[in-house]
>>> print(open('upload_4.txt').read())   # compact mmCIF, C-alpha atoms and all ligand atoms
# COMPACT_ATOMS: atom_id res chain seq x y z
CA MET A 631 44.49 -53.97 -2.89
CA LYS A 632 45.93 -51.52 -0.33
CA THR A 633 45.17 -47.82 -0.81
CA ASN A 634 48.77 -46.93 -1.66
CA ASN A 635 48.93 -49.68 -4.26
CA ILE A 636 45.67 -48.54 -5.85
CA ILE A 637 46.98 -44.99 -6.07
CA LYS A 638 50.20 -46.23 -7.68
CA GLU A 639 48.24 -48.34 -10.20
CA ILE A 640 46.01 -45.36 -10.99
CA GLN A 641 49.02 -43.14 -11.67
CA GLU A 642 50.60 -45.76 -13.94
CA LEU A 643 47.40 -46.35 -15.88
CA LYS A 644 46.87 -42.62 -16.21
CA GLU A 645 50.24 -42.33 -17.97
CA LYS A 646 49.60 -45.38 -20.14
CA ARG A 647 46.19 -44.15 -21.29
CA ASN A 648 47.24 -40.51 -21.61
CA ALA A 649 44.37 -39.74 -19.25
CA VAL A 650 43.38 -37.03 -16.84
CA ILE A 651 41.25 -37.43 -13.70
CA VAL A 652 38.80 -34.70 -12.83
CA ALA A 653 36.72 -34.69 -9.63
CA HIS A 654 33.66 -32.71 -8.60
CA ASN A 655 33.67 -30.78 -5.32
CA TYR A 656 31.21 -33.35 -3.90
CA GLN A 657 33.42 -36.43 -4.39
CA ILE A 658 34.88 -38.38 -1.47
CA ASP A 659 38.22 -37.09 -0.12
CA GLU A 660 40.33 -39.96 -1.52
CA VAL A 661 39.03 -39.36 -5.04
CA GLN A 662 39.63 -35.60 -4.78
CA GLU A 663 43.19 -36.39 -3.67
CA VAL A 664 44.04 -38.39 -6.82
CA ALA A 665 42.37 -35.91 -9.16
CA ASP A 666 44.32 -33.56 -11.43
CA ILE A 667 41.69 -30.90 -10.86
CA ILE A 668 38.75 -30.39 -8.49
CA GLY A 669 35.88 -28.07 -9.32
CA ASP A 670 32.26 -27.59 -10.30
CA SER A 671 30.75 -29.21 -13.35
CA LEU A 672 31.33 -26.28 -15.69
CA ALA A 673 34.94 -25.61 -14.66
CA LEU A 674 35.70 -29.30 -15.07
CA SER A 675 34.03 -29.52 -18.50
CA LYS A 676 35.92 -26.46 -19.71
CA TYR A 677 39.18 -27.93 -18.40
CA CYS A 678 38.43 -31.22 -20.20
CA ALA A 679 37.87 -29.36 -23.47
CA ASP A 680 41.25 -27.59 -23.20
CA VAL A 681 43.46 -30.33 -21.78
CA GLU A 682 45.63 -32.20 -24.26
CA LYS A 683 44.80 -35.74 -23.21
CA ASP A 684 43.00 -38.63 -24.90
CA VAL A 685 40.96 -39.88 -21.97
CA ILE A 686 38.96 -38.08 -19.29
CA VAL A 687 37.98 -39.94 -16.12
CA PHE A 688 35.07 -37.87 -14.83
CA CYS A 689 34.49 -38.46 -11.12
CA GLY A 690 31.04 -37.03 -10.65
CA VAL A 691 27.55 -37.89 -11.86
CA HIS A 692 26.22 -38.75 -15.31
CA PHE A 693 25.06 -35.33 -16.52
CA MET A 694 28.49 -33.87 -15.72
CA ALA A 695 30.33 -36.46 -17.78
CA GLU A 696 27.84 -35.77 -20.57
CA SER A 697 28.62 -32.05 -20.42
CA ALA A 698 32.31 -32.87 -20.73
CA LYS A 699 31.57 -35.07 -23.75
CA ILE A 700 29.44 -32.33 -25.34
CA LEU A 701 32.43 -29.99 -25.17
CA SER A 702 35.09 -32.66 -25.94
CA PRO A 703 33.59 -34.90 -28.63
CA ASP A 704 36.95 -36.30 -29.74
CA LYS A 705 38.05 -37.43 -26.30
CA THR A 706 37.06 -40.62 -24.54
CA VAL A 707 35.01 -39.60 -21.50
CA LEU A 708 34.65 -42.23 -18.77
CA LEU A 709 32.26 -42.23 -15.81
CA PRO A 710 33.75 -44.65 -13.25
CA GLU A 711 30.36 -45.68 -11.79
CA MET A 712 27.74 -46.29 -14.43
CA ASP A 713 24.77 -45.70 -12.14
CA ALA A 714 26.07 -42.47 -10.55
CA GLY A 715 23.14 -40.36 -11.69
CA CYS A 716 21.46 -37.22 -10.43
CA PRO A 717 17.86 -37.71 -9.24
CA MET A 718 17.13 -34.03 -9.91
CA ALA A 719 18.33 -34.28 -13.53
CA ASP A 720 16.02 -37.29 -13.93
CA MET A 721 13.01 -35.20 -12.83
CA VAL A 722 12.75 -33.71 -16.32
CA THR A 723 12.61 -35.70 -19.53
CA LYS A 724 12.88 -34.45 -23.06
CA GLU A 725 9.29 -35.56 -23.80
CA ALA A 726 7.81 -33.81 -20.74
CA LEU A 727 9.72 -30.66 -21.59
CA ILE A 728 8.46 -30.67 -25.19
CA GLU A 729 4.88 -30.82 -23.81
CA GLN A 730 5.48 -27.96 -21.38
CA LYS A 731 7.06 -25.82 -24.10
CA LYS A 732 3.79 -26.05 -26.05
CA LYS A 733 2.01 -24.34 -23.12
CA TYR A 734 4.48 -21.45 -23.05
CA PRO A 735 5.43 -20.77 -26.67
CA ASN A 736 6.87 -17.33 -25.87
CA ALA A 737 9.06 -18.44 -23.00
CA THR A 738 12.83 -18.88 -23.21
CA VAL A 739 13.81 -22.28 -21.86
CA VAL A 740 16.67 -22.00 -19.37
CA CYS A 741 18.01 -25.30 -18.10
CA TYR A 742 20.20 -25.84 -15.13
CA ILE A 743 23.37 -27.72 -16.04
CA ASN A 744 21.98 -30.53 -13.84
CA SER A 745 20.03 -32.02 -16.72
CA SER A 746 20.60 -34.70 -19.35
CA ALA A 747 22.07 -33.92 -22.77
CA GLU A 748 18.66 -34.81 -24.26
CA VAL A 749 16.95 -32.18 -22.11
CA LYS A 750 19.67 -29.63 -22.90
CA SER A 751 19.02 -30.29 -26.58
CA GLU A 752 15.47 -28.91 -26.09
CA CYS A 753 16.62 -25.78 -24.23
CA ASP A 754 17.58 -22.33 -25.42
CA ILE A 755 20.33 -21.72 -22.91
CA CYS A 756 21.97 -23.47 -19.97
CA CYS A 757 22.95 -22.02 -16.63
CA THR A 758 24.88 -23.12 -13.57
CA SER A 759 24.22 -22.16 -9.97
CA SER A 760 27.06 -19.61 -10.33
CA ASN A 761 25.56 -17.75 -13.29
CA ALA A 762 21.79 -18.50 -13.17
CA VAL A 763 20.90 -14.96 -12.04
CA ASP A 764 23.04 -13.32 -14.75
CA ILE A 765 21.77 -15.64 -17.49
CA VAL A 766 18.11 -15.00 -16.62
CA LYS A 767 18.77 -11.24 -16.52
CA ALA A 768 20.45 -11.41 -19.93
CA VAL A 769 17.79 -13.33 -21.87
CA LYS A 770 15.42 -11.11 -23.82
CA SER A 771 12.00 -12.60 -23.08
CA LYS A 772 10.03 -11.83 -19.93
CA ASP A 773 8.71 -15.40 -19.62
CA ILE A 774 11.23 -18.02 -18.69
CA LEU A 775 10.66 -21.73 -18.37
CA PHE A 776 13.24 -22.78 -15.81
CA VAL A 777 14.09 -26.50 -15.50
CA PRO A 778 14.46 -28.63 -13.44
CA ASP A 779 15.28 -27.13 -10.01
CA GLN A 780 12.36 -25.31 -8.38
CA ASN A 781 14.59 -24.08 -5.55
CA LEU A 782 17.27 -22.52 -7.76
CA GLY A 783 14.42 -21.19 -9.92
CA SER A 784 12.74 -19.57 -6.89
CA TYR A 785 16.03 -18.03 -5.84
CA VAL A 786 16.53 -16.57 -9.33
CA ALA A 787 12.91 -15.32 -9.39
CA LYS A 788 13.57 -13.43 -6.18
CA MET A 789 16.79 -11.91 -7.50
CA VAL A 790 15.32 -10.99 -10.90
CA PRO A 791 11.76 -9.80 -10.11
CA GLU A 792 11.29 -8.26 -13.57
CA LYS A 793 11.10 -11.75 -15.13
CA ASN A 794 8.22 -14.19 -15.01
CA ILE A 795 9.79 -17.51 -14.06
CA ILE A 796 7.75 -20.63 -14.68
CA LEU A 797 9.09 -23.29 -12.35
CA TRP A 798 9.48 -27.01 -12.90
CA GLU A 799 8.80 -29.23 -9.91
CA GLY A 800 12.26 -30.78 -9.65
CA TYR A 801 14.56 -30.62 -6.67
CA CYS A 802 17.78 -32.09 -5.31
CA SER A 803 16.81 -34.60 -2.63
CA THR A 804 20.05 -33.93 -0.75
CA HIS A 805 19.64 -30.14 -0.47
CA HIS A 806 15.82 -30.09 -0.38
CA ARG A 807 15.69 -32.05 2.89
CA VAL A 808 17.56 -29.47 4.99
CA LYS A 809 15.11 -28.24 7.63
CA ILE A 810 14.80 -24.80 9.18
CA ASP A 811 14.96 -26.22 12.73
CA GLU A 812 18.34 -27.79 11.88
CA LEU A 813 19.54 -24.37 10.77
CA GLN A 814 18.23 -22.70 13.92
CA LYS A 815 19.84 -25.32 16.15
CA VAL A 816 23.27 -25.04 14.56
CA LYS A 817 22.99 -21.23 14.61
CA GLU A 818 22.34 -21.36 18.38
CA LEU A 819 25.33 -23.65 18.88
CA LYS A 820 27.65 -21.54 16.68
CA PRO A 821 26.37 -17.95 16.94
CA ASN A 822 29.53 -16.43 15.43
CA ALA A 823 29.57 -18.57 12.33
CA LYS A 824 28.43 -17.33 8.90
CA ILE A 825 25.82 -19.53 7.25
CA LEU A 826 26.63 -20.28 3.60
CA VAL A 827 24.11 -22.36 1.65
CA HIS A 828 23.52 -23.63 -1.87
CA PRO A 829 20.47 -22.26 -3.72
CA GLU A 830 19.32 -25.86 -4.24
CA CYS A 831 18.15 -25.59 -0.59
CA GLN A 832 14.54 -24.53 -0.05
CA PRO A 833 13.75 -20.78 -0.05
CA ASN A 834 13.24 -20.58 3.73
CA ILE A 835 16.77 -21.94 4.24
CA VAL A 836 18.24 -19.52 1.69
CA ASP A 837 16.38 -16.62 3.37
CA ALA A 838 17.76 -17.54 6.80
CA SER A 839 21.35 -17.79 5.54
CA ASP A 840 24.06 -15.12 5.29
CA PHE A 841 25.00 -16.09 1.73
CA ALA A 842 23.65 -18.35 -1.01
CA GLY A 843 25.89 -19.51 -3.84
CA SER A 844 27.32 -22.34 -5.91
CA THR A 845 30.17 -24.50 -4.66
CA LYS A 846 32.64 -22.17 -6.38
CA GLN A 847 31.02 -19.09 -4.86
CA ILE A 848 31.04 -20.66 -1.38
CA ILE A 849 34.73 -21.56 -1.78
CA ASP A 850 35.50 -17.99 -2.97
CA TYR A 851 33.42 -16.43 -0.16
CA VAL A 852 35.40 -18.32 2.49
CA ALA A 853 38.73 -17.50 0.81
CA HIS A 854 38.00 -13.75 0.95
CA SER A 855 36.31 -13.63 4.35
CA THR A 856 37.97 -12.51 7.56
CA GLN A 857 35.46 -14.60 9.54
CA GLN A 858 36.76 -17.69 11.33
CA GLU A 859 33.72 -19.99 11.45
CA PHE A 860 31.29 -21.16 8.79
CA ILE A 861 28.19 -23.31 8.70
CA ILE A 862 28.12 -25.00 5.30
CA GLY A 863 24.80 -25.78 3.65
CA THR A 864 25.83 -27.87 0.67
CA GLU A 865 27.02 -31.41 0.00
CA MET A 866 29.67 -32.44 2.54
CA GLY A 867 32.37 -33.24 -0.09
CA ILE A 868 33.08 -29.50 -0.33
CA LEU A 869 34.58 -29.62 3.19
CA PHE A 870 37.70 -31.33 1.76
CA LYS A 871 38.73 -28.26 -0.25
CA LEU A 872 37.48 -25.74 2.31
CA LYS A 873 39.57 -27.32 5.07
CA LYS A 874 42.61 -27.81 2.83
CA ASP A 875 42.57 -24.20 1.60
CA ASN A 876 41.74 -22.69 5.01
CA PRO A 877 43.46 -24.74 7.74
CA ASP A 878 42.87 -22.04 10.38
CA LYS A 879 39.13 -21.67 9.78
CA LYS A 880 36.40 -23.86 11.25
CA PHE A 881 33.58 -25.50 9.28
CA TYR A 882 30.37 -27.13 10.47
CA LEU A 883 27.93 -28.98 8.24
CA LEU A 884 24.45 -27.43 8.39
CA SER A 885 22.76 -30.84 8.31
CA GLN A 886 24.01 -34.40 8.60
CA GLY A 887 21.72 -35.16 5.65
CA LEU A 888 23.91 -33.21 3.25
CA VAL A 889 25.37 -36.32 1.64
CA CYS A 890 24.64 -37.12 -2.01
CA PRO A 891 24.55 -40.93 -2.34
CA ASN A 892 25.30 -40.74 -6.05
CA MET A 893 28.36 -38.57 -5.58
CA LYS A 894 29.60 -41.04 -2.98
CA LYS A 895 29.44 -44.04 -5.34
CA THR A 896 32.86 -43.33 -6.88
CA SER A 897 35.76 -44.80 -4.92
CA LEU A 898 39.48 -45.17 -5.60
CA LEU A 899 38.75 -48.69 -6.76
CA SER A 900 36.18 -47.46 -9.26
CA VAL A 901 38.70 -44.93 -10.64
CA TYR A 902 41.25 -47.73 -10.99
CA ARG A 903 38.74 -50.03 -12.74
CA SER A 904 37.63 -47.22 -14.98
CA LEU A 905 41.18 -46.73 -16.25
CA ALA A 906 41.98 -50.44 -16.37
CA ASP A 907 38.87 -51.46 -18.32
CA MET A 908 38.16 -48.13 -20.07
CA LYS A 909 34.63 -47.92 -18.69
CA TYR A 910 31.97 -46.57 -18.64
CA GLU A 911 32.26 -44.63 -21.84
CA ILE A 912 29.88 -41.73 -22.45
CA ASN A 913 28.59 -41.57 -25.99
CA LEU A 914 26.03 -39.16 -27.40
CA LYS A 915 24.13 -39.06 -30.65
CA ASN A 916 25.63 -36.31 -32.74
CA THR A 917 22.25 -34.60 -33.32
CA ILE A 918 21.63 -34.42 -29.56
CA ARG A 919 25.19 -33.38 -28.83
CA LEU A 920 25.14 -30.50 -31.28
CA LYS A 921 21.79 -29.16 -30.05
CA ALA A 922 22.87 -29.47 -26.41
CA LYS A 923 26.16 -27.77 -27.27
CA LYS A 924 24.24 -24.82 -28.65
CA ALA A 925 22.55 -24.32 -25.25
CA LEU A 926 25.91 -24.57 -23.49
CA ASP A 927 27.59 -22.22 -26.00
CA GLU A 928 24.82 -19.65 -25.50
CA MET A 929 25.63 -19.70 -21.79
CA LEU A 930 29.38 -19.46 -22.38
CA LYS A 931 28.84 -16.44 -24.64
CA LEU A 932 27.06 -14.60 -21.82
CA SER A 933 29.21 -15.61 -18.85
O1 LIG A 1001 27.52 -27.18 -11.25
C1 LIG A 1001 27.84 -27.89 -10.33
O2 LIG A 1001 28.90 -28.48 -10.30
C2 LIG A 1001 26.89 -28.16 -9.23
C3 LIG A 1001 25.98 -29.25 -9.44
C4 LIG A 1001 26.88 -27.47 -8.12
C5 LIG A 1001 27.74 -26.34 -7.80
O3 LIG A 1001 27.26 -25.45 -7.11
O4 LIG A 1001 28.89 -26.32 -8.20
FE1 LIG A 1002 22.10 -34.20 -8.05
FE2 LIG A 1002 21.79 -33.11 -5.64
FE3 LIG A 1002 23.53 -35.05 -5.94
FE4 LIG A 1002 23.98 -32.64 -6.99
S1 LIG A 1002 23.85 -33.14 -4.81
S2 LIG A 1002 24.28 -34.62 -7.99
S3 LIG A 1002 21.90 -32.02 -7.56
S4 LIG A 1002 21.31 -35.21 -6.21
>>> encode(input="upload_4.txt", output="structure tokens")
Amino acid sequence: MKTNNIIKEIQELKEKRNAVIVAHNYQIDEVQEVADIIGDSLALSKYCADVEKDVIVFCGVHFMAESAKILSPDKTVLLPEMDAGCPMADMVTKEALIEQKKKYPNATVVCYINSSAEVKSECDICCTSSNAVDIVKAVKSKDILFVPDQNLGSYVAKMVPEKNIILWEGYCSTHHRVKIDELQKVKELKPNAKILVHPECQPNIVDASDFAGSTKQIIDYVAHSTQQEFIIGTEMGILFKLKKDNPDKKFYLLSQGLVCPNMKKTSLLSVYRSLADMKYEINLKNTIRLKAKKALDEMLKLS
């Protein structure tokens, strides 16, 4: 099918199913173009909870569609590519977390939104990369078991030195592989550009940057900056919105490795098939959903 025909079919099916298409900032350009809203996982999940539609097509990875389902139990949530997972989220299991919790009975368990619903169900409170620092500051205990991202956890530990953060050894393979010599090289080539990175990058990269923040915070930083050039240290899909919103500014990717293979699995064809065949539906056990929702609600109360 030609691209224009696929888009037309998608629009028709969207009407027929009373559906909405949401796309993460890391999706391919074509998918972002057909989406009703683009954003980070939390903004999208909140939007899904409020929107008056029956079906949500969640263009992102598995844990994000799960978060949407946690907040929208009565809607049909579809993930267009069944095996679009997040390797970092898979680095912590519910069983391993239960074992670790036994070692630190006084610690509050803070889990990054990049985790499965099962893992969330064993946590006290969730966080995103936008609010991780504020959430950790707000929890009462000094000891915090932070799962699963060691790099975001290290960043938070640096920003909130009064807390004792116990790290988990997870990481995002896409952000973790950015090397300091890549940063130095691009800085030499573009000496006037501001370096904006995601805190999923390793601490030496975050330390050498001008700003570290979530996708939303990077987008907001650029929107409010008078600078003209930016080196972007997060998944390349974000360039779509950055360029669209700021046609006069220039963007360079910090590393050619900043491509998340799982985020790139969803194509226009997969969105079409998702709507045509109503797949792949996210379903959660109610016990897990309610416990995971508690961790998300705790976060929403504080942020
Ligand atoms: O929460 C999200 O959507 C992720 C994974 C990253 C970000 O910074 O927005
Ligand atoms: Fe997971 Fe990293 Fe891909 Fe985000 S960019 S979905 S953290 S692997």
>>> axis_aligned_box(input="upload_4.txt", around="ligand LIG 1002 (chain A)", padding_each_side="4 Å", output="lines of an AutoDock Vina configuration file")
center_x = 22.8
center_y = -33.6
center_z = -6.4
size_x = 11.0
size_y = 11.2
size_z = 11.2
>>> closest_residue(input="upload_4.txt", among="A:Cys890, A:Leu883, A:Leu899, A:Ala922", to="ligand LIG 1001 (chain A)", atoms="all atoms listed in the file")
A:Cys890
>>> residues_near_ligand(input="upload_4.txt", ligand="ligand LIG 1001 (chain A)", cutoff="6 Å", atoms="only C-alpha atoms and all ligand atoms", output="JSON, numbers by chain")
{"A": [670, 671, 672, 758, 759, 844, 845, 846]}
>>> closest_residue(input="upload_4.txt", among="A:Thr804, A:Asn916, A:Asn655, A:Ser745", to="ligand LIG 1002 (chain A)", atoms="only C-alpha atoms and all ligand atoms")
A:Thr804
>>> residues_around(input="upload_4.txt", residues="A:Asp878", least_positions_apart="5", cutoff="12 Å", atoms="only C-alpha atoms", output="JSON, numbers by chain")
{"A": [852, 853, 856, 857, 858, 859, 860, 872, 873]}
>>> write_last_selection(input="upload_4.txt", atoms="C-alpha atoms", output="PDB file, in the frame of the given file")
ATOM      1  CA  VAL A 852      35.400 -18.320   2.490  1.00  0.00           C
ATOM      2  CA  ALA A 853      38.730 -17.500   0.810  1.00  0.00           C
ATOM      3  CA  THR A 856      37.970 -12.510   7.560  1.00  0.00           C
ATOM      4  CA  GLN A 857      35.460 -14.600   9.540  1.00  0.00           C
ATOM      5  CA  GLN A 858      36.760 -17.690  11.330  1.00  0.00           C
ATOM      6  CA  GLU A 859      33.720 -19.990  11.450  1.00  0.00           C
ATOM      7  CA  PHE A 860      31.290 -21.160   8.790  1.00  0.00           C
ATOM      8  CA  LEU A 872      37.480 -25.740   2.310  1.00  0.00           C
ATOM      9  CA  LYS A 873      39.570 -27.320   5.070  1.00  0.00           C
TER      10      LYS A 873
END
>>> atom_distance(input="upload_4.txt", atom1="atom CA of A:Gly669", atom2="atom CA of A:Glu696")
15.8 Å
>>> decode(input="upload_4.txt", residues="stretch 793-804 of chain A", atoms="all heavy atoms", output="PDB file, in the first residue's frame")
ATOM      1  N   LYS A 793      19.931  12.073  50.595  1.00  0.00           N
ATOM      2  CA  LYS A 793      19.322  10.730  50.581  1.00  0.00           C
ATOM      3  C   LYS A 793      20.383   9.671  50.296  1.00  0.00           C
ATOM      4  O   LYS A 793      21.386   9.937  49.624  1.00  0.00           O
ATOM      5  CB  LYS A 793      18.243  10.647  49.489  1.00  0.00           C
ATOM      6  CG  LYS A 793      17.101  11.606  49.674  1.00  0.00           C
ATOM      7  CD  LYS A 793      16.129  11.140  50.734  1.00  0.00           C
ATOM      8  CE  LYS A 793      14.913  12.068  50.793  1.00  0.00           C
ATOM      9  NZ  LYS A 793      14.049  11.780  51.907  1.00  0.00           N
ATOM     10  N   ASN A 794      20.103   8.471  50.788  1.00  0.00           N
ATOM     11  CA  ASN A 794      20.987   7.341  50.494  1.00  0.00           C
ATOM     12  C   ASN A 794      20.310   6.491  49.422  1.00  0.00           C
ATOM     13  O   ASN A 794      19.360   5.770  49.693  1.00  0.00           O
ATOM     14  CB  ASN A 794      21.198   6.536  51.788  1.00  0.00           C
ATOM     15  CG  ASN A 794      22.028   5.301  51.527  1.00  0.00           C
ATOM     16  OD1 ASN A 794      22.936   5.328  50.694  1.00  0.00           O
ATOM     17  ND2 ASN A 794      21.707   4.223  52.228  1.00  0.00           N
ATOM     18  N   ILE A 795      20.815   6.619  48.190  1.00  0.00           N
ATOM     19  CA  ILE A 795      20.160   5.933  47.076  1.00  0.00           C
ATOM     20  C   ILE A 795      20.859   4.603  46.797  1.00  0.00           C
ATOM     21  O   ILE A 795      22.060   4.575  46.502  1.00  0.00           O
ATOM     22  CB  ILE A 795      20.199   6.789  45.787  1.00  0.00           C
ATOM     23  CG1 ILE A 795      19.771   8.222  46.092  1.00  0.00           C
ATOM     24  CG2 ILE A 795      19.405   6.136  44.658  1.00  0.00           C
ATOM     25  CD1 ILE A 795      18.467   8.643  45.641  1.00  0.00           C
ATOM     26  N   ILE A 796      20.097   3.543  46.890  1.00  0.00           N
ATOM     27  CA  ILE A 796      20.637   2.213  46.575  1.00  0.00           C
ATOM     28  C   ILE A 796      20.268   1.933  45.118  1.00  0.00           C
ATOM     29  O   ILE A 796      19.087   1.902  44.752  1.00  0.00           O
ATOM     30  CB  ILE A 796      20.029   1.149  47.524  1.00  0.00           C
ATOM     31  CG1 ILE A 796      20.321   1.545  48.972  1.00  0.00           C
ATOM     32  CG2 ILE A 796      20.565  -0.239  47.210  1.00  0.00           C
ATOM     33  CD1 ILE A 796      19.178   1.317  49.918  1.00  0.00           C
ATOM     34  N   LEU A 797      21.301   1.771  44.302  1.00  0.00           N
ATOM     35  CA  LEU A 797      21.065   1.659  42.858  1.00  0.00           C
ATOM     36  C   LEU A 797      20.803   0.215  42.435  1.00  0.00           C
ATOM     37  O   LEU A 797      21.299  -0.727  43.055  1.00  0.00           O
ATOM     38  CB  LEU A 797      22.280   2.189  42.083  1.00  0.00           C
ATOM     39  CG  LEU A 797      22.622   3.671  42.279  1.00  0.00           C
ATOM     40  CD1 LEU A 797      23.932   4.002  41.561  1.00  0.00           C
ATOM     41  CD2 LEU A 797      21.488   4.554  41.752  1.00  0.00           C
ATOM     42  N   TRP A 798      20.074   0.077  41.383  1.00  0.00           N
ATOM     43  CA  TRP A 798      19.877  -1.206  40.695  1.00  0.00           C
ATOM     44  C   TRP A 798      20.789  -1.161  39.474  1.00  0.00           C
ATOM     45  O   TRP A 798      21.080  -0.066  38.971  1.00  0.00           O
ATOM     46  CB  TRP A 798      18.406  -1.309  40.263  1.00  0.00           C
ATOM     47  CG  TRP A 798      17.978  -2.674  39.839  1.00  0.00           C
ATOM     48  CD1 TRP A 798      18.000  -3.177  38.563  1.00  0.00           C
ATOM     49  CD2 TRP A 798      17.451  -3.701  40.676  1.00  0.00           C
ATOM     50  NE1 TRP A 798      17.517  -4.450  38.570  1.00  0.00           N
ATOM     51  CE2 TRP A 798      17.178  -4.803  39.852  1.00  0.00           C
ATOM     52  CE3 TRP A 798      17.194  -3.809  42.052  1.00  0.00           C
ATOM     53  CZ2 TRP A 798      16.655  -5.996  40.335  1.00  0.00           C
ATOM     54  CZ3 TRP A 798      16.663  -4.988  42.541  1.00  0.00           C
ATOM     55  CH2 TRP A 798      16.399  -6.075  41.676  1.00  0.00           C
ATOM     56  N   GLU A 799      21.206  -2.341  38.975  1.00  0.00           N
ATOM     57  CA  GLU A 799      22.203  -2.271  37.900  1.00  0.00           C
ATOM     58  C   GLU A 799      21.611  -2.232  36.486  1.00  0.00           C
ATOM     59  O   GLU A 799      22.211  -2.743  35.543  1.00  0.00           O
ATOM     60  CB  GLU A 799      23.195  -3.427  38.047  1.00  0.00           C
ATOM     61  CG  GLU A 799      24.145  -3.157  39.198  1.00  0.00           C
ATOM     62  CD  GLU A 799      25.236  -4.194  39.359  1.00  0.00           C
ATOM     63  OE1 GLU A 799      25.251  -5.180  38.592  1.00  0.00           O
ATOM     64  OE2 GLU A 799      26.058  -3.995  40.249  1.00  0.00           O
ATOM     65  N   GLY A 800      20.458  -1.631  36.335  1.00  0.00           N
ATOM     66  CA  GLY A 800      19.868  -1.542  34.999  1.00  0.00           C
ATOM     67  C   GLY A 800      20.353  -0.313  34.247  1.00  0.00           C
ATOM     68  O   GLY A 800      20.908   0.620  34.845  1.00  0.00           O
ATOM     69  N   TYR A 801      20.157  -0.347  32.961  1.00  0.00           N
ATOM     70  CA  TYR A 801      20.527   0.819  32.135  1.00  0.00           C
ATOM     71  C   TYR A 801      19.818   0.719  30.787  1.00  0.00           C
ATOM     72  O   TYR A 801      19.371  -0.362  30.392  1.00  0.00           O
ATOM     73  CB  TYR A 801      22.050   0.888  31.919  1.00  0.00           C
ATOM     74  CG  TYR A 801      22.617  -0.364  31.301  1.00  0.00           C
ATOM     75  CD1 TYR A 801      22.658  -0.528  29.929  1.00  0.00           C
ATOM     76  CD2 TYR A 801      23.076  -1.413  32.104  1.00  0.00           C
ATOM     77  CE1 TYR A 801      23.140  -1.687  29.364  1.00  0.00           C
ATOM     78  CE2 TYR A 801      23.552  -2.579  31.548  1.00  0.00           C
ATOM     79  CZ  TYR A 801      23.577  -2.714  30.180  1.00  0.00           C
ATOM     80  OH  TYR A 801      24.023  -3.881  29.614  1.00  0.00           O
ATOM     81  N   CYS A 802      19.731   1.844  30.105  1.00  0.00           N
ATOM     82  CA  CYS A 802      19.167   1.858  28.755  1.00  0.00           C
ATOM     83  C   CYS A 802      20.321   1.666  27.788  1.00  0.00           C
ATOM     84  O   CYS A 802      21.234   2.512  27.735  1.00  0.00           O
ATOM     85  CB  CYS A 802      18.486   3.211  28.492  1.00  0.00           C
ATOM     86  SG  CYS A 802      18.283   3.534  26.734  1.00  0.00           S
ATOM     87  N   SER A 803      20.274   0.584  27.016  1.00  0.00           N
ATOM     88  CA  SER A 803      21.418   0.306  26.125  1.00  0.00           C
ATOM     89  C   SER A 803      21.635   1.436  25.120  1.00  0.00           C
ATOM     90  O   SER A 803      22.772   1.718  24.733  1.00  0.00           O
ATOM     91  CB  SER A 803      21.226  -1.021  25.403  1.00  0.00           C
ATOM     92  OG  SER A 803      19.916  -1.482  25.506  1.00  0.00           O
ATOM     93  N   THR A 804      20.583   2.110  24.734  1.00  0.00           N
ATOM     94  CA  THR A 804      20.714   3.193  23.743  1.00  0.00           C
ATOM     95  C   THR A 804      21.463   4.400  24.338  1.00  0.00           C
ATOM     96  O   THR A 804      22.392   4.927  23.714  1.00  0.00           O
ATOM     97  CB  THR A 804      19.304   3.605  23.256  1.00  0.00           C
ATOM     98  OG1 THR A 804      18.684   2.461  22.678  1.00  0.00           O
ATOM     99  CG2 THR A 804      19.364   4.728  22.252  1.00  0.00           C
TER     100      THR A 804
END
